[in-house]
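A.B. asks: Okay, so here is query05.cif, and as you'll see once you scroll down, it has mmCIF, N, CA and C atoms.
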```cif
data_input
loop_
_atom_site.label_atom_id
_atom_site.label_comp_id
_atom_site.auth_asym_id
_atom_site.auth_seq_id
_atom_site.Cartn_x
_atom_site.Cartn_y
_atom_site.Cartn_z
N MET C 1 -13.89 17.36 -25.11
CA MET C 1 -14.31 17.03 -23.77
C MET C 1 -13.38 17.72 -22.77
N ARG C 2 -13.95 18.51 -21.91
CA ARG C 2 -13.16 19.22 -20.91
C ARG C 2 -13.17 18.44 -19.62
N HIS C 3 -11.99 18.41 -18.98
CA HIS C 3 -11.86 17.75 -17.69
C HIS C 3 -11.71 18.81 -16.61
N ASN C 4 -12.30 18.52 -15.49
CA ASN C 4 -12.16 19.40 -14.33
C ASN C 4 -10.73 19.30 -13.80
N ARG C 5 -10.03 20.42 -13.69
CA ARG C 5 -8.63 20.42 -13.26
C ARG C 5 -8.47 20.27 -11.76
N THR C 6 -9.50 20.58 -11.00
CA THR C 6 -9.40 20.49 -9.54
C THR C 6 -10.47 19.54 -9.03
N ALA C 7 -10.24 19.06 -7.84
CA ALA C 7 -11.21 18.16 -7.21
C ALA C 7 -12.43 18.96 -6.77
N THR C 8 -13.58 18.33 -6.83
CA THR C 8 -14.80 18.98 -6.38
C THR C 8 -14.79 19.04 -4.86
N PRO C 9 -15.61 19.91 -4.30
CA PRO C 9 -15.66 19.97 -2.83
C PRO C 9 -16.04 18.64 -2.19
N SER C 10 -16.91 17.87 -2.83
CA SER C 10 -17.28 16.57 -2.25
C SER C 10 -16.10 15.61 -2.28
N GLN C 11 -15.28 15.69 -3.33
CA GLN C 11 -14.08 14.85 -3.39
C GLN C 11 -13.07 15.27 -2.33
N ARG C 12 -12.93 16.54 -2.11
CA ARG C 12 -12.02 17.04 -1.08
C ARG C 12 -12.49 16.60 0.30
N LYS C 13 -13.80 16.67 0.53
CA LYS C 13 -14.33 16.23 1.82
C LYS C 13 -14.10 14.74 2.02
N ALA C 14 -14.29 13.96 0.96
CA ALA C 14 -14.07 12.51 1.06
C ALA C 14 -12.61 12.21 1.36
N LEU C 15 -11.70 12.90 0.69
CA LEU C 15 -10.27 12.71 0.93
C LEU C 15 -9.90 13.13 2.35
N ALA C 16 -10.43 14.24 2.81
CA ALA C 16 -10.15 14.70 4.18
C ALA C 16 -10.72 13.71 5.19
N ARG C 17 -11.89 13.15 4.91
CA ARG C 17 -12.50 12.17 5.81
C ARG C 17 -11.65 10.91 5.91
N VAL C 18 -11.13 10.45 4.77
CA VAL C 18 -10.30 9.25 4.77
C VAL C 18 -8.98 9.52 5.49
N ALA C 19 -8.38 10.67 5.25
CA ALA C 19 -7.13 11.02 5.94
C ALA C 19 -7.35 11.12 7.44
N ALA C 20 -8.44 11.74 7.86
CA ALA C 20 -8.73 11.86 9.29
C ALA C 20 -8.97 10.48 9.91
N THR C 21 -9.64 9.61 9.17
CA THR C 21 -9.88 8.25 9.67
C THR C 21 -8.57 7.50 9.82
N ALA C 22 -7.67 7.64 8.84
CA ALA C 22 -6.37 6.96 8.92
C ALA C 22 -5.56 7.46 10.10
N ILE C 23 -5.54 8.76 10.31
CA ILE C 23 -4.79 9.33 11.42
C ILE C 23 -5.40 8.89 12.75
N ALA C 24 -6.73 8.91 12.84
CA ALA C 24 -7.39 8.48 14.07
C ALA C 24 -7.12 7.01 14.36
N THR C 25 -7.08 6.19 13.32
CA THR C 25 -6.79 4.76 13.50
C THR C 25 -5.38 4.56 14.02
N ILE C 26 -4.43 5.29 13.46
CA ILE C 26 -3.04 5.18 13.92
C ILE C 26 -2.92 5.61 15.38
N ILE C 27 -3.57 6.71 15.73
CA ILE C 27 -3.52 7.18 17.12
C ILE C 27 -4.21 6.17 18.05
N PHE C 28 -5.34 5.63 17.62
CA PHE C 28 -6.06 4.65 18.43
C PHE C 28 -5.20 3.43 18.73
N PHE C 29 -4.55 2.89 17.68
CA PHE C 29 -3.73 1.70 17.89
C PHE C 29 -2.47 2.00 18.69
N SER C 30 -1.92 3.23 18.58
CA SER C 30 -0.75 3.54 19.40
C SER C 30 -1.12 3.71 20.87
N VAL C 31 -2.34 4.12 21.14
CA VAL C 31 -2.79 4.20 22.53
C VAL C 31 -3.17 2.81 23.04
N LEU C 32 -3.80 2.03 22.19
CA LEU C 32 -4.25 0.70 22.58
C LEU C 32 -3.08 -0.25 22.82
N PHE C 33 -2.06 -0.17 21.96
CA PHE C 33 -0.89 -1.04 22.07
C PHE C 33 0.37 -0.19 22.20
N PRO C 34 0.60 0.40 23.37
CA PRO C 34 1.79 1.26 23.50
C PRO C 34 3.07 0.45 23.44
N ALA C 35 4.08 1.04 22.87
CA ALA C 35 5.39 0.39 22.79
C ALA C 35 6.15 0.63 24.08
N SER C 36 6.96 -0.32 24.46
CA SER C 36 7.76 -0.18 25.66
C SER C 36 8.89 0.81 25.43
N ALA C 37 9.30 1.48 26.47
CA ALA C 37 10.42 2.41 26.38
C ALA C 37 11.69 1.65 26.76
N TYR C 38 12.37 1.13 25.75
CA TYR C 38 13.57 0.35 26.00
C TYR C 38 14.77 1.22 26.35
N ALA C 39 14.66 2.50 26.12
CA ALA C 39 15.81 3.39 26.33
C ALA C 39 16.15 3.55 27.81
N ALA C 40 15.31 3.08 28.70
CA ALA C 40 15.60 3.21 30.12
C ALA C 40 16.82 2.37 30.51
N SER C 41 17.07 1.31 29.75
CA SER C 41 18.23 0.48 30.01
C SER C 41 19.48 1.22 29.54
N GLY C 42 20.61 0.96 30.18
CA GLY C 42 21.84 1.65 29.83
C GLY C 42 22.60 1.00 28.69
N ASP C 43 22.14 -0.13 28.19
CA ASP C 43 22.82 -0.85 27.13
C ASP C 43 22.59 -0.16 25.78
N ILE C 44 23.68 0.16 25.07
CA ILE C 44 23.58 0.86 23.79
C ILE C 44 22.89 -0.02 22.74
N ASN C 45 23.09 -1.33 22.80
CA ASN C 45 22.43 -2.22 21.83
C ASN C 45 20.92 -2.19 22.00
N THR C 46 20.46 -2.12 23.22
CA THR C 46 19.02 -2.03 23.47
C THR C 46 18.46 -0.73 22.94
N VAL C 47 19.19 0.35 23.12
CA VAL C 47 18.75 1.65 22.63
C VAL C 47 18.71 1.64 21.10
N LEU C 48 19.72 1.07 20.46
CA LEU C 48 19.74 1.02 19.00
C LEU C 48 18.63 0.12 18.46
N ASP C 49 18.34 -0.97 19.15
CA ASP C 49 17.22 -1.82 18.73
C ASP C 49 15.89 -1.08 18.85
N SER C 50 15.76 -0.29 19.90
CA SER C 50 14.54 0.50 20.08
C SER C 50 14.41 1.54 18.96
N ILE C 51 15.51 2.18 18.61
CA ILE C 51 15.49 3.15 17.52
C ILE C 51 15.10 2.47 16.22
N ARG C 52 15.64 1.29 15.97
CA ARG C 52 15.32 0.54 14.76
C ARG C 52 13.84 0.21 14.69
N ASN C 53 13.28 -0.26 15.80
CA ASN C 53 11.87 -0.61 15.82
C ASN C 53 10.97 0.60 15.59
N TRP C 54 11.29 1.70 16.25
CA TRP C 54 10.50 2.92 16.06
C TRP C 54 10.63 3.45 14.64
N LEU C 55 11.82 3.41 14.09
CA LEU C 55 12.05 3.91 12.74
C LEU C 55 11.28 3.07 11.72
N ALA C 56 11.36 1.78 11.84
CA ALA C 56 10.64 0.90 10.91
C ALA C 56 9.14 1.09 11.05
N GLY C 57 8.65 1.19 12.26
CA GLY C 57 7.21 1.39 12.47
C GLY C 57 6.71 2.71 11.95
N LEU C 58 7.47 3.76 12.19
CA LEU C 58 7.09 5.09 11.71
C LEU C 58 7.09 5.14 10.19
N LEU C 59 8.13 4.59 9.58
CA LEU C 59 8.19 4.59 8.11
C LEU C 59 7.07 3.77 7.50
N ALA C 60 6.75 2.63 8.10
CA ALA C 60 5.66 1.80 7.57
C ALA C 60 4.32 2.51 7.73
N ALA C 61 4.11 3.20 8.85
CA ALA C 61 2.86 3.92 9.05
C ALA C 61 2.72 5.07 8.05
N LEU C 62 3.78 5.82 7.86
CA LEU C 62 3.73 6.92 6.89
C LEU C 62 3.55 6.40 5.47
N ALA C 63 4.21 5.30 5.15
CA ALA C 63 4.06 4.72 3.82
C ALA C 63 2.63 4.25 3.59
N THR C 64 2.01 3.69 4.61
CA THR C 64 0.62 3.26 4.48
C THR C 64 -0.29 4.45 4.27
N LEU C 65 -0.04 5.54 4.99
CA LEU C 65 -0.83 6.75 4.80
C LEU C 65 -0.66 7.29 3.38
N PHE C 66 0.58 7.35 2.88
CA PHE C 66 0.82 7.83 1.53
C PHE C 66 0.17 6.91 0.50
N LEU C 67 0.21 5.61 0.72
CA LEU C 67 -0.41 4.66 -0.20
C LEU C 67 -1.91 4.87 -0.23
N THR C 68 -2.52 5.08 0.92
CA THR C 68 -3.96 5.32 0.98
C THR C 68 -4.34 6.61 0.28
N VAL C 69 -3.64 7.68 0.59
CA VAL C 69 -3.94 8.97 -0.02
C VAL C 69 -3.69 8.92 -1.53
N GLY C 70 -2.59 8.30 -1.94
CA GLY C 70 -2.29 8.20 -3.37
C GLY C 70 -3.33 7.38 -4.11
N GLY C 71 -3.75 6.28 -3.51
CA GLY C 71 -4.79 5.46 -4.14
C GLY C 71 -6.10 6.21 -4.28
N ILE C 72 -6.47 6.95 -3.25
CA ILE C 72 -7.71 7.71 -3.31
C ILE C 72 -7.60 8.82 -4.35
N ARG C 73 -6.46 9.50 -4.38
CA ARG C 73 -6.28 10.56 -5.38
C ARG C 73 -6.34 10.00 -6.80
N TYR C 74 -5.78 8.81 -6.98
CA TYR C 74 -5.79 8.19 -8.30
C TYR C 74 -7.21 7.79 -8.70
N VAL C 75 -7.96 7.27 -7.74
CA VAL C 75 -9.32 6.82 -8.04
C VAL C 75 -10.25 7.99 -8.32
N ILE C 76 -10.14 9.08 -7.56
CA ILE C 76 -11.05 10.21 -7.75
C ILE C 76 -10.57 11.16 -8.85
N ALA C 77 -9.49 10.81 -9.55
CA ALA C 77 -8.97 11.68 -10.60
C ALA C 77 -9.95 11.82 -11.75
N ALA C 78 -10.75 10.81 -12.00
CA ALA C 78 -11.78 10.84 -13.05
C ALA C 78 -11.20 11.22 -14.41
N GLY C 79 -10.04 10.68 -14.72
CA GLY C 79 -9.44 10.93 -16.02
C GLY C 79 -8.58 12.17 -16.10
N ASN C 80 -8.50 12.94 -15.04
CA ASN C 80 -7.68 14.15 -15.02
C ASN C 80 -6.21 13.73 -14.93
N PRO C 81 -5.42 13.98 -15.99
CA PRO C 81 -4.03 13.51 -15.99
C PRO C 81 -3.19 14.08 -14.85
N ARG C 82 -3.42 15.33 -14.48
CA ARG C 82 -2.63 15.95 -13.41
C ARG C 82 -2.92 15.28 -12.06
N MET C 83 -4.18 15.02 -11.80
CA MET C 83 -4.54 14.36 -10.53
C MET C 83 -4.04 12.91 -10.53
N MET C 84 -4.08 12.26 -11.69
CA MET C 84 -3.60 10.88 -11.77
C MET C 84 -2.09 10.84 -11.50
N GLU C 85 -1.35 11.80 -12.03
CA GLU C 85 0.09 11.86 -11.78
C GLU C 85 0.38 12.14 -10.31
N ALA C 86 -0.42 13.00 -9.68
CA ALA C 86 -0.23 13.26 -8.25
C ALA C 86 -0.49 12.00 -7.43
N GLY C 87 -1.49 11.23 -7.81
CA GLY C 87 -1.76 9.98 -7.13
C GLY C 87 -0.64 8.98 -7.32
N LYS C 88 -0.12 8.89 -8.55
CA LYS C 88 1.00 7.99 -8.82
C LYS C 88 2.24 8.40 -8.04
N ALA C 89 2.47 9.70 -7.93
CA ALA C 89 3.63 10.17 -7.17
C ALA C 89 3.51 9.80 -5.69
N ALA C 90 2.31 9.90 -5.13
CA ALA C 90 2.11 9.52 -3.73
C ALA C 90 2.30 8.02 -3.55
N ILE C 91 1.84 7.23 -4.50
CA ILE C 91 2.03 5.78 -4.43
C ILE C 91 3.50 5.44 -4.53
N HIS C 92 4.22 6.14 -5.40
CA HIS C 92 5.67 5.93 -5.54
C HIS C 92 6.38 6.27 -4.23
N SER C 93 5.97 7.36 -3.59
CA SER C 93 6.56 7.73 -2.31
C SER C 93 6.29 6.67 -1.25
N ALA C 94 5.10 6.08 -1.30
CA ALA C 94 4.77 5.01 -0.35
C ALA C 94 5.67 3.81 -0.56
N LEU C 95 5.92 3.46 -1.80
CA LEU C 95 6.80 2.32 -2.08
C LEU C 95 8.22 2.59 -1.60
N VAL C 96 8.69 3.83 -1.75
CA VAL C 96 10.01 4.19 -1.23
C VAL C 96 10.01 4.10 0.30
N GLY C 97 8.91 4.52 0.93
CA GLY C 97 8.80 4.43 2.38
C GLY C 97 8.83 2.99 2.87
N TYR C 98 8.13 2.10 2.15
CA TYR C 98 8.16 0.68 2.53
C TYR C 98 9.57 0.11 2.36
N ALA C 99 10.27 0.53 1.32
CA ALA C 99 11.64 0.05 1.11
C ALA C 99 12.55 0.52 2.25
N LEU C 100 12.40 1.79 2.66
CA LEU C 100 13.21 2.30 3.77
C LEU C 100 12.86 1.59 5.08
N ALA C 101 11.58 1.28 5.28
CA ALA C 101 11.18 0.55 6.48
C ALA C 101 11.80 -0.85 6.49
N ALA C 102 11.88 -1.47 5.33
CA ALA C 102 12.49 -2.79 5.24
C ALA C 102 14.00 -2.71 5.45
N LEU C 103 14.62 -1.59 5.06
CA LEU C 103 16.06 -1.43 5.20
C LEU C 103 16.47 -0.85 6.56
N ALA C 104 15.51 -0.44 7.38
CA ALA C 104 15.83 0.18 8.67
C ALA C 104 16.71 -0.70 9.55
N PRO C 105 16.44 -2.01 9.66
CA PRO C 105 17.33 -2.84 10.49
C PRO C 105 18.78 -2.83 9.99
N MET C 106 18.96 -2.86 8.67
CA MET C 106 20.31 -2.85 8.13
C MET C 106 21.00 -1.51 8.41
N LEU C 107 20.26 -0.42 8.29
CA LEU C 107 20.86 0.89 8.55
C LEU C 107 21.27 1.04 10.01
N VAL C 108 20.46 0.52 10.93
CA VAL C 108 20.81 0.59 12.35
C VAL C 108 22.00 -0.32 12.64
N ASP C 109 22.10 -1.47 11.97
CA ASP C 109 23.27 -2.34 12.15
C ASP C 109 24.55 -1.65 11.67
N ILE C 110 24.45 -0.91 10.56
CA ILE C 110 25.61 -0.14 10.08
C ILE C 110 25.99 0.92 11.12
N LEU C 111 24.98 1.61 11.68
CA LEU C 111 25.24 2.60 12.72
C LEU C 111 25.90 1.94 13.93
N ARG C 112 25.43 0.75 14.30
CA ARG C 112 25.99 0.03 15.44
C ARG C 112 27.46 -0.28 15.20
N ARG C 113 27.82 -0.68 13.98
CA ARG C 113 29.22 -0.98 13.66
C ARG C 113 30.08 0.28 13.65
N VAL C 114 29.51 1.38 13.18
CA VAL C 114 30.25 2.64 13.12
C VAL C 114 30.62 3.12 14.52
N ILE C 115 29.68 3.02 15.46
CA ILE C 115 29.98 3.49 16.81
C ILE C 115 30.66 2.42 17.66
N GLY C 116 30.84 1.24 17.09
CA GLY C 116 31.59 0.20 17.78
C GLY C 116 30.82 -0.56 18.84
N ALA C 117 29.51 -0.62 18.69
CA ALA C 117 28.71 -1.31 19.70
C ALA C 117 28.40 -2.75 19.30
N ALA C 118 28.88 -3.18 18.17
CA ALA C 118 28.51 -4.52 17.67
C ALA C 118 29.17 -5.61 18.43
#
```
As C-alpha cells - that is how I would like this structure written.

C.D. replies:
Amino acid sequence: MRHNRTATPSQRKALARVAATAIATIIFFSVLFPASAYAASGDINTVLDSIRNWLAGLLAALATLFLTVGGIRYVIAAGNPRMMEAGKAAIHSALVGYALAALAPMLVDILRRVIGAA
C-alpha cells in the first residue's frame, strides 16, 4: 500500500482556509477589544506589567495557532508518517508556547528584580 507523501491540493486549500480564518479571528478580536496602552504612564512597574500582559497574550495566541495547525495537519495526514510527525511537532511547539505564556509573569518579575524596580 502506497501512501501519498504530500498533501493534496484540496487539503492544502483547507489548511490555508483554516489558517486564514484563525488569523482573521485574531485580528477581529484585537480590533474589537483593543488593549490599553499602559506605557504612557512613567511608572516602570506599569510598563513591565504591560509587557507581561502583551507577552502572555501573544504567546497564547501563537500557541493556539500552532495547536490548530498541528491538529489539522495530524488529522489530514491520512496515515502518512511524515505528515503525522509534522503535526505532532506543531502540537509540541504549541504546548511549549502555552508553558512560556504561563511563565511570562514569572519572567517579568525576575526582570523587575534585576533592574531594581520591585

A.B. asks: On this structure, the PyMOL selection byres ((chain C and resi 53-70) around 5) would catch which residues? List them as a list in words, sorted by chain and number.

C.D. replies: Asp49, Ser50, Ile51, Arg52, Gly71, Ile72, Arg73, Tyr74, Gly87, Ala90, Ile91, Ala94, Gly97 and Ala101 of chain C

A.B. asks: Evaluate the PyMOL selection byres (((chain C and resi 113-117 and name CA) around 10) and name CA) on the structure here and hand back the selected residues as a list in words.

C.D. replies: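 Evaluating the PyMOL selection byres (((chain C and resi 113-117 and name CA) around 10) and name CA) on this file yields Asp43, Ile44, Asn45, Leu48, Leu107, Val108, Asp109, Ile110, Leu111, Arg112 and Ala118 of chain C.
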
A.B. asks: Could the residues in this selection be saved with N, CA and C atoms as a compact mmCIF listing (two decimals), in the coordinates of the input?

C.D. replies:
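Saved as selection-v8.txt:
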```txt
# COMPACT_ATOMS: atom_id res chain seq x y z
N ASP C 43 22.14 -0.13 28.19
CA ASP C 43 22.82 -0.85 27.13
C ASP C 43 22.59 -0.16 25.78
N ILE C 44 23.68 0.16 25.07
CA ILE C 44 23.58 0.86 23.79
C ILE C 44 22.89 -0.02 22.74
N ASN C 45 23.09 -1.33 22.80
CA ASN C 45 22.43 -2.22 21.83
C ASN C 45 20.92 -2.19 22.00
N LEU C 48 19.72 1.07 20.46
CA LEU C 48 19.74 1.02 19.00
C LEU C 48 18.63 0.12 18.46
N LEU C 107 20.26 -0.42 8.29
CA LEU C 107 20.86 0.89 8.55
C LEU C 107 21.27 1.04 10.01
N VAL C 108 20.46 0.52 10.93
CA VAL C 108 20.81 0.59 12.35
C VAL C 108 22.00 -0.32 12.64
N ASP C 109 22.10 -1.47 11.97
CA ASP C 109 23.27 -2.34 12.15
C ASP C 109 24.55 -1.65 11.67
N ILE C 110 24.45 -0.91 10.56
CA ILE C 110 25.61 -0.14 10.08
C ILE C 110 25.99 0.92 11.12
N LEU C 111 24.98 1.61 11.68
CA LEU C 111 25.24 2.60 12.72
C LEU C 111 25.90 1.94 13.93
N ARG C 112 25.43 0.75 14.30
CA ARG C 112 25.99 0.03 15.44
C ARG C 112 27.46 -0.28 15.20
N ALA C 118 28.88 -3.18 18.17
CA ALA C 118 28.51 -4.52 17.67
C ALA C 118 29.17 -5.61 18.43
```

A.B. asks: What does the distance from CA of Arg17 in chain C to CA of Ala86 in chain C come to in Å, to one decimal?

C.D. replies: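 One can read the CA of Arg17 in chain C to CA of Ala86 in chain C distance as 18.7 Å.
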
A.B. asks: Find the distance between atom C of Lys88 in chain C and atom N of Ile26 in chain C and write it in Å to one decimal.

C.D. replies: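 For atom C of Lys88 in chain C relative to atom N of Ile26 in chain C, the distance reads 22.7 Å.
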